[in-house]
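A.B. asks: Got a structure for you, start_28.txt, holding compact mmCIF, C-alpha atoms and all ligand atoms.
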```txt
# COMPACT_ATOMS: atom_id res chain seq x y z
CA MET A 18 51.41 95.65 81.04
CA ASP A 19 54.33 94.13 79.15
CA PHE A 20 56.62 91.80 81.06
CA ASN A 21 58.82 91.13 78.02
CA LEU A 22 62.26 92.60 78.41
CA PRO A 23 63.76 94.20 75.29
CA HIS A 24 65.77 91.81 73.12
CA GLU A 25 69.15 93.43 73.87
CA ILE A 26 68.52 93.21 77.63
CA LEU A 27 67.56 89.54 77.34
CA GLN A 28 70.78 88.99 75.42
CA MET A 29 72.87 90.70 78.09
CA GLN A 30 71.00 88.79 80.80
CA GLU A 31 71.72 85.52 79.02
CA MET A 32 75.39 86.41 78.58
CA VAL A 33 75.77 87.27 82.28
CA ARG A 34 73.89 84.16 83.37
CA ASP A 35 76.14 82.03 81.18
CA PHE A 36 79.21 83.78 82.66
CA ALA A 37 77.83 83.25 86.18
CA VAL A 38 77.17 79.55 85.76
CA ASN A 39 79.99 78.50 83.43
CA THR A 40 82.84 80.83 84.37
CA VAL A 41 82.29 82.07 87.94
CA GLU A 42 80.81 78.95 89.51
CA PRO A 43 83.67 76.63 88.48
CA LEU A 44 85.98 78.97 90.42
CA ALA A 45 83.80 78.91 93.56
CA HIS A 46 86.12 76.49 95.35
CA GLU A 47 89.15 78.72 94.67
CA ILE A 48 87.23 81.79 95.91
CA GLU A 49 86.26 79.93 99.09
CA GLU A 50 89.84 78.83 99.71
CA THR A 51 91.58 82.12 98.95
CA ASN A 52 88.83 84.55 100.03
CA ARG A 53 89.51 86.60 96.94
CA ILE A 54 88.02 86.99 93.49
CA PRO A 55 90.57 85.90 90.85
CA ASP A 56 91.88 88.76 88.68
CA SER A 57 90.77 86.86 85.59
CA LEU A 58 87.14 87.05 86.75
CA MET A 59 87.42 90.76 87.50
CA ARG A 60 88.82 91.31 83.98
CA GLN A 61 86.02 89.31 82.37
CA ALA A 62 83.43 91.13 84.46
CA ALA A 63 84.88 94.40 83.16
CA GLN A 64 84.67 93.15 79.57
CA LEU A 65 81.00 92.31 80.12
CA GLY A 66 80.40 95.86 81.35
CA LEU A 67 79.39 94.76 84.85
CA PHE A 68 81.29 97.57 86.57
CA GLY A 69 79.54 100.27 84.58
CA LEU A 70 75.98 98.98 84.42
CA SER A 71 74.28 102.30 85.16
CA ILE A 72 77.11 104.62 84.12
CA PRO A 73 76.22 106.68 81.02
CA GLU A 74 77.86 105.66 77.75
CA GLU A 75 79.64 109.02 77.49
CA TYR A 76 81.70 107.98 80.56
CA GLY A 77 82.33 104.48 79.23
CA GLY A 78 79.43 102.67 80.91
CA VAL A 79 76.59 100.51 79.61
CA GLU A 80 73.90 102.99 80.72
CA LEU A 81 71.13 100.61 81.68
CA ASP A 82 67.88 101.80 83.21
CA MET A 83 66.78 100.21 86.49
CA VAL A 84 64.72 97.40 84.95
CA ALA A 85 67.61 96.39 82.71
CA LYS A 86 70.18 96.73 85.49
CA CYS A 87 68.10 94.54 87.81
CA ALA A 88 67.63 92.00 85.03
CA VAL A 89 71.42 91.75 84.89
CA TYR A 90 71.60 91.53 88.69
CA GLU A 91 69.12 88.67 88.56
CA ALA A 92 71.42 86.86 86.11
CA LEU A 93 74.37 87.65 88.37
CA GLY A 94 72.40 86.04 91.21
CA HIS A 95 73.23 82.68 89.61
CA ALA A 96 76.91 83.19 90.44
CA HIS A 97 78.91 82.71 93.63
CA MET A 98 77.34 85.29 95.94
CA GLY A 99 80.68 86.78 96.98
CA PHE A 100 81.40 87.66 93.37
CA GLY A 101 77.91 89.17 92.99
CA GLY A 102 78.49 91.11 96.21
CA VAL A 103 81.68 92.75 94.90
CA ILE A 104 79.95 93.82 91.69
CA SER A 105 76.81 95.12 93.34
CA ALA A 106 78.59 97.05 96.14
CA HIS A 107 80.48 98.84 93.35
CA ALA A 108 77.83 99.17 90.63
CA SER A 109 74.98 99.87 93.02
CA ILE A 110 75.64 101.70 96.31
CA GLY A 111 79.19 102.65 95.26
CA THR A 112 78.06 104.36 92.06
CA THR A 113 74.54 105.70 92.65
CA GLY A 114 75.56 108.72 94.73
CA LEU A 115 78.07 110.01 92.20
CA LEU A 116 75.64 109.46 89.33
CA ALA A 117 72.80 111.28 91.07
CA LEU A 118 74.68 114.11 92.76
CA GLY A 119 78.10 114.42 91.16
CA ASN A 120 79.07 117.53 89.24
CA GLU A 121 80.64 117.25 85.81
CA GLU A 122 84.18 117.48 87.15
CA GLN A 123 83.60 114.67 89.66
CA LYS A 124 81.95 112.49 87.01
CA ARG A 125 84.79 113.01 84.51
CA ARG A 126 87.36 112.31 87.19
CA TYR A 127 85.94 108.99 88.37
CA LEU A 128 83.22 107.46 86.19
CA PRO A 129 85.35 106.27 83.24
CA ARG A 130 87.70 104.37 85.56
CA MET A 131 84.74 103.04 87.55
CA ALA A 132 83.07 101.80 84.37
CA SER A 133 86.21 99.96 83.27
CA GLY A 134 86.69 98.33 86.68
CA GLU A 135 90.04 100.06 87.16
CA LEU A 136 88.57 101.99 90.11
CA ILE A 137 86.45 99.93 92.53
CA THR A 138 84.09 101.78 94.82
CA GLY A 139 81.94 101.32 97.90
CA PHE A 140 79.63 103.19 100.23
CA ALA A 141 80.29 103.89 103.91
CA ILE A 142 77.68 104.91 106.43
CA THR A 143 77.72 102.15 109.09
CA GLU A 144 79.79 102.67 112.24
CA PRO A 145 80.44 100.55 115.32
CA SER A 146 77.82 102.50 117.28
CA SER A 147 75.31 103.13 114.48
CA GLY A 148 74.00 100.40 112.20
CA SER A 149 70.23 100.39 111.80
CA ASP A 150 70.17 103.81 113.45
CA ALA A 151 72.13 105.16 110.51
CA ALA A 152 71.43 108.83 111.22
CA ASN A 153 73.27 108.55 114.51
CA ILE A 154 76.80 108.40 113.09
CA ARG A 155 79.81 110.04 114.78
CA THR A 156 82.27 110.52 111.92
CA ARG A 157 82.91 114.25 111.61
CA ALA A 158 83.83 116.26 108.52
CA GLU A 159 84.97 119.61 109.80
CA LYS A 160 85.27 122.47 107.33
CA ARG A 161 88.72 124.10 107.57
CA GLY A 162 89.32 126.67 104.85
CA ASN A 163 89.03 124.95 101.51
CA GLU A 164 89.10 121.46 103.00
CA TYR A 165 87.00 119.10 105.09
CA VAL A 166 88.84 117.11 107.73
CA LEU A 167 87.31 113.69 108.41
CA SER A 168 87.71 111.84 111.71
CA GLY A 169 85.89 108.68 112.73
CA THR A 170 85.51 104.98 112.06
CA LYS A 171 83.25 103.12 109.65
CA HIS A 172 82.91 99.36 109.82
CA TYR A 173 81.69 96.42 107.73
CA ILE A 174 82.37 98.45 104.57
CA SER A 175 82.02 96.25 101.48
CA ASN A 176 84.87 96.46 98.97
CA ALA A 177 86.94 98.69 101.32
CA PRO A 178 90.08 96.51 100.99
CA ILE A 179 89.99 96.72 97.17
CA ALA A 180 88.35 100.12 96.69
CA GLY A 181 90.04 103.24 95.35
CA LEU A 182 87.08 105.45 96.23
CA LEU A 183 84.33 105.48 98.84
CA THR A 184 81.18 107.55 99.19
CA VAL A 185 81.40 108.45 102.87
CA ILE A 186 78.62 109.93 105.00
CA ALA A 187 79.85 112.25 107.78
CA ILE A 188 78.57 114.98 110.09
CA THR A 189 79.10 118.51 108.81
CA ASP A 190 76.74 120.31 111.19
CA PRO A 191 76.44 118.55 114.57
CA SER A 192 73.66 120.91 115.70
CA GLN A 193 71.25 119.61 113.04
CA GLY A 194 71.11 115.87 113.74
CA PRO A 195 70.26 113.89 110.56
CA ARG A 196 69.96 117.19 108.69
CA GLY A 197 73.61 117.93 109.39
CA LEU A 198 75.15 115.04 107.43
CA SER A 199 76.95 115.26 104.08
CA ALA A 200 78.30 112.84 101.51
CA PHE A 201 81.94 112.89 100.38
CA LEU A 202 83.94 111.16 97.68
CA VAL A 203 87.03 109.99 99.52
CA GLU A 204 89.99 108.58 97.61
CA MET A 205 91.44 105.70 99.58
CA ASP A 206 95.05 106.85 99.16
CA THR A 207 94.28 110.14 100.92
CA PRO A 208 96.61 110.55 103.93
CA GLY A 209 94.66 109.72 107.10
CA VAL A 210 92.59 106.88 105.59
CA THR A 211 93.38 103.39 106.88
CA VAL A 212 91.65 100.13 106.06
CA GLY A 213 91.46 98.03 109.23
CA LYS A 214 91.22 94.28 109.66
CA ILE A 215 89.29 92.43 106.98
CA ASP A 216 86.12 90.90 108.44
CA ASP A 217 86.15 87.11 108.80
CA LYS A 218 82.64 86.46 107.52
CA MET A 219 80.26 83.47 107.64
CA GLY A 220 79.94 83.49 103.87
CA GLN A 221 80.20 85.51 100.67
CA LYS A 222 83.92 84.78 100.57
CA GLY A 223 85.85 87.02 98.21
CA ALA A 224 83.52 89.95 98.92
CA LEU A 225 85.80 91.67 101.38
CA SER A 226 84.50 94.08 103.97
CA ALA A 227 86.51 95.94 106.58
CA GLU A 228 86.76 98.80 109.00
CA VAL A 229 87.80 102.16 107.54
CA ILE A 230 89.45 104.66 109.88
CA PHE A 231 89.70 108.39 109.18
CA GLU A 232 92.29 110.26 111.25
CA ASP A 233 92.60 113.95 110.45
CA CYS A 234 91.92 113.01 106.86
CA ALA A 235 91.81 116.23 104.82
CA VAL A 236 89.86 116.11 101.56
CA PRO A 237 89.41 119.08 99.25
CA ALA A 238 86.07 120.94 99.33
CA SER A 239 85.54 119.54 95.82
CA ALA A 240 85.12 116.07 97.41
CA LEU A 241 81.70 117.13 98.73
CA LEU A 242 79.01 115.21 96.85
CA GLY A 243 75.88 117.27 96.28
CA GLU A 244 75.01 119.97 98.77
CA GLU A 245 76.29 120.24 102.31
CA ASN A 246 73.92 118.85 104.95
CA THR A 247 71.82 116.79 102.53
CA GLY A 248 73.88 113.62 103.04
CA TYR A 249 71.38 111.61 105.06
CA ARG A 250 68.55 112.16 102.60
CA GLU A 251 70.86 111.20 99.75
CA ALA A 252 72.19 108.15 101.61
CA LEU A 253 68.61 106.91 102.04
CA LYS A 254 68.04 107.29 98.30
CA ILE A 255 71.24 105.34 97.54
CA LEU A 256 70.13 102.56 99.90
CA THR A 257 66.57 102.55 98.51
CA ASN A 258 67.91 102.01 95.00
CA GLY A 259 70.28 99.33 96.25
CA ARG A 260 67.39 97.41 97.81
CA VAL A 261 65.74 96.83 94.43
CA GLY A 262 69.01 95.37 93.12
CA ILE A 263 69.28 93.08 96.14
CA ALA A 264 65.75 91.78 95.47
CA ALA A 265 66.79 91.01 91.89
CA ARG A 266 70.01 89.24 92.98
CA ALA A 267 68.00 87.22 95.50
CA THR A 268 65.60 86.18 92.72
CA GLY A 269 68.49 84.91 90.58
CA ALA A 270 69.91 83.01 93.54
CA MET A 271 66.52 81.36 94.10
CA GLU A 272 66.32 80.37 90.45
CA ARG A 273 69.76 78.76 90.69
CA LEU A 274 68.87 76.91 93.89
CA ILE A 275 65.67 75.62 92.28
CA GLU A 276 67.66 74.35 89.28
CA LEU A 277 70.13 72.57 91.58
CA SER A 278 67.28 71.11 93.64
CA VAL A 279 65.29 69.91 90.61
CA ASN A 280 68.38 68.25 89.16
CA HIS A 281 69.18 66.56 92.44
CA ALA A 282 65.58 65.44 93.00
CA LYS A 283 65.47 63.81 89.57
CA LEU A 284 68.79 62.00 90.00
CA ARG A 285 68.70 60.91 93.62
CA GLU A 286 66.84 57.65 94.12
CA GLN A 287 65.45 56.33 97.39
CA PHE A 288 62.91 53.58 97.95
CA GLY A 289 63.49 52.55 94.34
CA LYS A 290 62.55 55.83 92.65
CA PRO A 291 63.78 59.40 92.19
CA ILE A 292 62.96 61.53 95.25
CA ALA A 293 61.28 63.93 92.77
CA GLU A 294 58.40 61.48 92.70
CA PHE A 295 57.64 62.01 96.38
CA GLN A 296 54.94 64.60 96.89
CA ALA A 297 56.74 66.02 99.96
CA VAL A 298 59.68 66.92 97.73
CA GLN A 299 57.41 68.24 94.96
CA PHE A 300 55.67 70.52 97.46
CA MET A 301 59.00 71.98 98.54
CA LEU A 302 59.90 72.65 94.90
CA SER A 303 56.51 74.30 94.30
CA GLU A 304 56.89 76.56 97.32
CA MET A 305 60.38 77.52 96.14
CA ALA A 306 58.97 78.47 92.73
CA VAL A 307 56.25 80.62 94.31
CA ASP A 308 58.85 82.45 96.41
CA MET A 309 61.02 83.03 93.34
CA GLU A 310 58.25 84.21 91.02
CA THR A 311 56.70 86.60 93.55
CA SER A 312 60.14 88.10 94.22
CA ARG A 313 60.66 88.58 90.49
CA CYS A 314 57.30 90.33 90.10
CA LEU A 315 58.22 92.67 92.96
CA TRP A 316 61.63 93.73 91.67
CA GLN A 317 60.23 94.19 88.17
CA LYS A 318 57.45 96.40 89.45
CA VAL A 319 59.67 98.52 91.69
CA ALA A 320 62.43 98.86 89.07
CA TRP A 321 59.75 100.01 86.60
CA MET A 322 58.59 102.55 89.19
CA VAL A 323 62.16 103.87 89.55
CA ASP A 324 62.46 104.24 85.77
CA ASN A 325 59.17 106.12 85.71
CA GLY A 326 60.20 108.59 88.39
CA LYS A 327 57.92 107.25 91.11
CA ASN A 328 58.68 107.33 94.82
CA VAL A 329 59.71 103.78 95.75
CA GLY A 330 60.70 104.10 99.42
CA LYS A 331 58.05 101.68 100.73
CA ASP A 332 57.98 99.46 97.63
CA ALA A 333 61.75 98.97 97.54
CA SER A 334 61.53 97.83 101.16
CA ILE A 335 58.68 95.44 100.31
CA ALA A 336 60.73 93.98 97.45
CA LYS A 337 63.88 93.58 99.53
CA LEU A 338 62.05 92.19 102.55
CA HIS A 339 60.08 89.66 100.54
CA ALA A 340 62.88 88.53 98.24
CA THR A 341 65.54 88.13 100.92
CA GLU A 342 63.24 86.31 103.35
CA ALA A 343 62.04 84.18 100.42
CA LEU A 344 65.63 83.36 99.52
CA SER A 345 66.28 82.11 103.04
CA ARG A 346 63.25 79.83 102.82
CA VAL A 347 64.39 78.58 99.40
CA ALA A 348 67.96 77.97 100.60
CA ASP A 349 66.65 76.05 103.58
CA LYS A 350 64.50 73.84 101.36
CA ALA A 351 67.42 73.33 98.97
CA VAL A 352 69.44 71.93 101.88
CA GLN A 353 66.51 69.70 102.86
CA ILE A 354 66.05 68.32 99.34
CA ALA A 355 69.79 67.65 99.05
CA GLY A 356 69.72 65.75 102.35
CA GLY A 357 73.18 65.09 103.82
CA MET A 358 74.81 66.51 100.69
CA GLY A 359 73.21 69.85 101.51
CA TYR A 360 75.27 70.05 104.67
CA ILE A 361 78.62 69.04 103.21
CA LYS A 362 81.03 71.72 102.01
CA GLU A 363 82.10 69.71 98.98
CA TYR A 364 78.73 70.50 97.34
CA PRO A 365 77.48 73.99 96.47
CA ILE A 366 74.22 74.09 98.48
CA GLU A 367 75.98 74.49 101.82
CA ARG A 368 77.74 77.62 100.49
CA TRP A 369 74.53 79.13 99.12
CA TYR A 370 72.89 78.55 102.50
CA ARG A 371 75.62 80.56 104.28
CA ASP A 372 76.02 83.20 101.58
CA GLN A 373 72.37 84.18 101.27
CA ARG A 374 72.01 84.98 104.97
CA LEU A 375 73.68 88.37 104.61
CA LEU A 376 70.97 89.72 102.31
CA ARG A 377 68.52 89.95 105.22
CA ILE A 378 71.00 92.09 107.14
CA TYR A 379 72.81 94.59 104.95
CA GLU A 380 71.35 97.64 103.26
CA GLY A 381 68.77 97.62 106.07
CA THR A 382 67.75 94.56 108.07
CA SER A 383 64.37 92.89 107.54
CA GLU A 384 63.11 94.63 110.69
CA ILE A 385 64.13 98.04 109.32
CA GLN A 386 62.33 97.27 106.05
CA LYS A 387 59.21 96.48 108.10
CA LEU A 388 59.56 99.79 109.96
CA ILE A 389 59.78 101.68 106.65
CA ILE A 390 56.73 99.87 105.26
CA ALA A 391 54.69 100.40 108.44
CA ARG A 392 55.64 104.08 108.68
CA ALA A 393 54.48 104.61 105.10
CA LEU A 394 51.19 102.83 105.80
CA LEU A 395 50.57 104.83 108.95
CA ALA A 396 51.69 108.20 107.60
C1 LIG A 401 79.24 91.72 105.31
C2 LIG A 401 78.63 93.07 105.53
C3 LIG A 401 78.78 94.06 104.57
C4 LIG A 401 78.27 95.33 104.80
N1 LIG A 401 78.50 96.32 103.87
C5 LIG A 401 78.22 97.61 104.20
C6 LIG A 401 78.63 98.68 103.36
O1 LIG A 401 79.18 98.47 102.27
N2 LIG A 401 78.39 99.95 103.76
C7 LIG A 401 77.76 100.24 104.94
O2 LIG A 401 77.61 101.41 105.26
N3 LIG A 401 77.35 99.23 105.76
C8 LIG A 401 77.56 97.94 105.42
N4 LIG A 401 77.16 96.91 106.24
C9 LIG A 401 76.46 97.23 107.47
C10 LIG A 401 75.01 96.79 107.48
O3 LIG A 401 74.24 97.62 106.67
C11 LIG A 401 74.55 96.76 108.94
O4 LIG A 401 75.20 95.67 109.56
C12 LIG A 401 73.05 96.67 109.09
O5 LIG A 401 72.43 97.86 108.66
C13 LIG A 401 72.63 96.37 110.54
O6 LIG A 401 73.29 97.21 111.43
P1 LIG A 401 74.01 96.54 112.71
O7 LIG A 401 74.90 95.47 112.24
O8 LIG A 401 74.64 97.63 113.51
O9 LIG A 401 72.86 95.88 113.56
P2 LIG A 401 71.93 96.61 114.62
O10 LIG A 401 71.44 97.90 114.08
O11 LIG A 401 72.62 96.63 115.93
O12 LIG A 401 70.69 95.61 114.68
C14 LIG A 401 70.70 94.42 115.48
C15 LIG A 401 69.28 93.85 115.47
O13 LIG A 401 68.36 94.79 116.04
C16 LIG A 401 67.32 95.04 115.12
N5 LIG A 401 66.88 96.43 115.25
C17 LIG A 401 67.64 97.55 115.30
N6 LIG A 401 66.87 98.63 115.40
C18 LIG A 401 65.58 98.20 115.39
C19 LIG A 401 64.31 98.85 115.44
N7 LIG A 401 64.20 100.18 115.51
N8 LIG A 401 63.20 98.07 115.43
C20 LIG A 401 63.29 96.74 115.32
N9 LIG A 401 64.46 96.06 115.26
C21 LIG A 401 65.59 96.79 115.29
C22 LIG A 401 67.92 94.78 113.75
O14 LIG A 401 66.92 94.53 112.79
C23 LIG A 401 68.77 93.57 114.04
O15 LIG A 401 67.95 92.43 114.06
C24 LIG A 401 77.58 95.61 106.00
C25 LIG A 401 77.38 94.59 106.94
C26 LIG A 401 77.89 93.34 106.72
C27 LIG A 401 77.69 92.27 107.76
```
Show me, as structure tokens, the structure contained in the file I just sent.

C.D. replies:
Amino acid sequence: MDFNLPHEILQMQEMVRDFAVNTVEPLAHEIEETNRIPDSLMRQAAQLGLFGLSIPEEYGGVELDMVAKCAVYEALGHAHMGFGGVISAHASIGTTGLLALGNEEQKRRYLPRMASGELITGFAITEPSSGSDAANIRTRAEKRGNEYVLSGTKHYISNAPIAGLLTVIAITDPSQGPRGLSAFLVEMDTPGVTVGKIDDKMGQKGALSAEVIFEDCAVPASALLGEENTGYREALKILTNGRVGIAARATGAMERLIELSVNHAKLREQFGKPIAEFQAVQFMLSEMAVDMETSRCLWQKVAWMVDNGKNVGKDASIAKLHATEALSRVADKAVQIAGGMGYIKEYPIERWYRDQRLLRIYEGTSEIQKLIIARALLA
């Protein structure tokens, strides 16, 4: 077993980590105030190749395998989590479906602009009446001649307000339940698509999510992604892949929080010495390190499994469940070590505490991950 990442991946990881800490983080206050990612950051992210991490080189991407992509996500985890959220909704769940199922024409049409960051994407399955029960959606895609006509409402869709393209899951055969869903590539300027109110979220400012409404929205038959009525199966694969990336981002966030906590513990003095000298504080730091390292081992293993063609359904859930729950524990301890400062908006810990909470909810809640793991064990 070799845990060493190839030199060029380590270099890219280092570059992204440096960008996260020295370029993104100084703009965190601006992102919080404006709830938007500055254009300059989006341009620099494009230059670093972050929008095309898994897109093949022939379409202008960086073409990383899963281990390498997750290594970059881990580095990105050091940045403001809203910024990381925009990148991962695009480069992960927004891109995976097209890469896996797209025909040559669809790939040529979209991938080069996706890789350059000119075209931002997202993935839409969740609806007001179906979240965890994702197979139970209501959005219809009715075949009429050479078109599909979409009607329905998606909500909480990441990147929707800035996206030019969404992978949308809709019902094509209502008689077949989950086997009657299909995936579509829907351009956001198609007549009949409206982006609703932007969600006012607890955290991850700048990563905008919103409702997306389809009213008699006609898309050409060529917008169908993969085969008709295989959409649910494909959506699960997209989400499974995404979960490994979330585990990697969570690991990076933990590493950053540990750095901030170690620095604070060494500098802050009480009772005449740095609080780092108190065993209670040392124990918190140790527990944080255990949570971070175990999460790293998990994403590395599961990403390796993906690259080696193994079925990762259960393992991706284990990685996401562990890493996101671990991140919450780490964020909580980071607040505790920072004391009052950890609760004050002027300092970064308070933001990390709010931002990380989403990771236990989206792309399948912790409870849904447990269901997937238990089902696999009992099967
Ligand atoms: C900021 C944000 C961004 C998002 N981005 C996207 C996106 O880009 N694309 C997209 O399609 N969706 C997106 N989502 C939706 C997200 O994936 C869902 O919110 C999530 O899957 C949970 O669904 P829900 O909110 O309807 O909660 P519910 O499904 O109503 O769950 C509520 C609670 O019940 C629990 N629960 C539900 N069913 C079970 C069960 N069978 N057993 C045990 N417990 C259960 C859940 O774990 C949870 O604790 C986003 C959500 C947010 C908040």

A.B. asks: Please identify all protein, DNA and RNA residues within 7 Å of ligand LIG 401 (chain A), counting all atoms listed in the file, and report them as a PyMOL selection string.

C.D. replies: chain A and resi 106+139-143+145-150+172-176+218+226+375+378-385+388

A.B. asks: Could you please determine the separation between CA of Tyr249 (chain A) and CA of Lys214 (chain A) in Å, to one decimal place?

C.D. replies: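 So the answer is 26.7 Å.
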
A.B. asks: Rounded to one decimal, what separation in Å do you get between CA of Gly197 (chain A) and CA of Leu167 (chain A)?

C.D. replies: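 Atom-to-atom, CA of Gly197 (chain A) and CA of Leu167 (chain A) are spaced 14.4 Å apart.
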
A.B. asks: Do you know which residues are at most 12 Å from Leu65 (chain A) counting only C-alpha atoms, after dropping those on the same chain fewer than 6 positions away, and could you put them as an mmCIF file with C-alpha atoms, keeping the file's coordinate frame?

C.D. replies:
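Listing of part_9.cif after writing:
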```
data_model
loop_
_atom_site.group_PDB
_atom_site.id
_atom_site.type_symbol
_atom_site.label_atom_id
_atom_site.label_comp_id
_atom_site.auth_asym_id
_atom_site.auth_seq_id
_atom_site.Cartn_x
_atom_site.Cartn_y
_atom_site.Cartn_z
ATOM 1 C CA GLN A 28 70.780 88.990 75.420
ATOM 2 C CA MET A 29 72.870 90.700 78.090
ATOM 3 C CA GLN A 30 71.000 88.790 80.800
ATOM 4 C CA GLU A 31 71.720 85.520 79.020
ATOM 5 C CA MET A 32 75.390 86.410 78.580
ATOM 6 C CA VAL A 33 75.770 87.270 82.280
ATOM 7 C CA ARG A 34 73.890 84.160 83.370
ATOM 8 C CA ASP A 35 76.140 82.030 81.180
ATOM 9 C CA PHE A 36 79.210 83.780 82.660
ATOM 10 C CA ALA A 37 77.830 83.250 86.180
ATOM 11 C CA LEU A 58 87.140 87.050 86.750
ATOM 12 C CA MET A 59 87.420 90.760 87.500
ATOM 13 C CA GLY A 78 79.430 102.670 80.910
ATOM 14 C CA VAL A 79 76.590 100.510 79.610
ATOM 15 C CA VAL A 89 71.420 91.750 84.890
ATOM 16 C CA LEU A 93 74.370 87.650 88.370
ATOM 17 C CA ILE A 104 79.950 93.820 91.690
ATOM 18 C CA ALA A 132 83.070 101.800 84.370
ATOM 19 C CA SER A 133 86.210 99.960 83.270
ATOM 20 C CA GLY A 134 86.690 98.330 86.680
#
```

A.B. asks: For Ala348 (chain A), which of A:Thr184, A:Ser168, A:Ser278, A:Gln317 is the closest residue, counting only C-alpha atoms?

C.D. replies: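 Looking only at the distances to Ala348 (chain A), the closest residue turns out to be A:Ser278.
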
A.B. asks: Pick the closest to Gly326 (chain A) from A:Ala92, A:Ala391, A:Met83, A:Met18: which is it, counting all atoms listed in the file?

C.D. replies: A:Met83

A.B. asks: May I have the protein, DNA and RNA residues with any atom at most 12 Å from the point (78.1, 77.5, 86.3), counting all atoms listed in the file, written as a PyMOL selection string?

C.D. replies: chain A and resi 33-45+92-97+273-274+276-277+365

A.B. asks: So the first atom is CA of Met131 (chain A) and the second is CA of Ile154 (chain A); what is the distance between them in Å, to one decimal place?

C.D. replies: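 These two atoms are separated by 27.3 Å.
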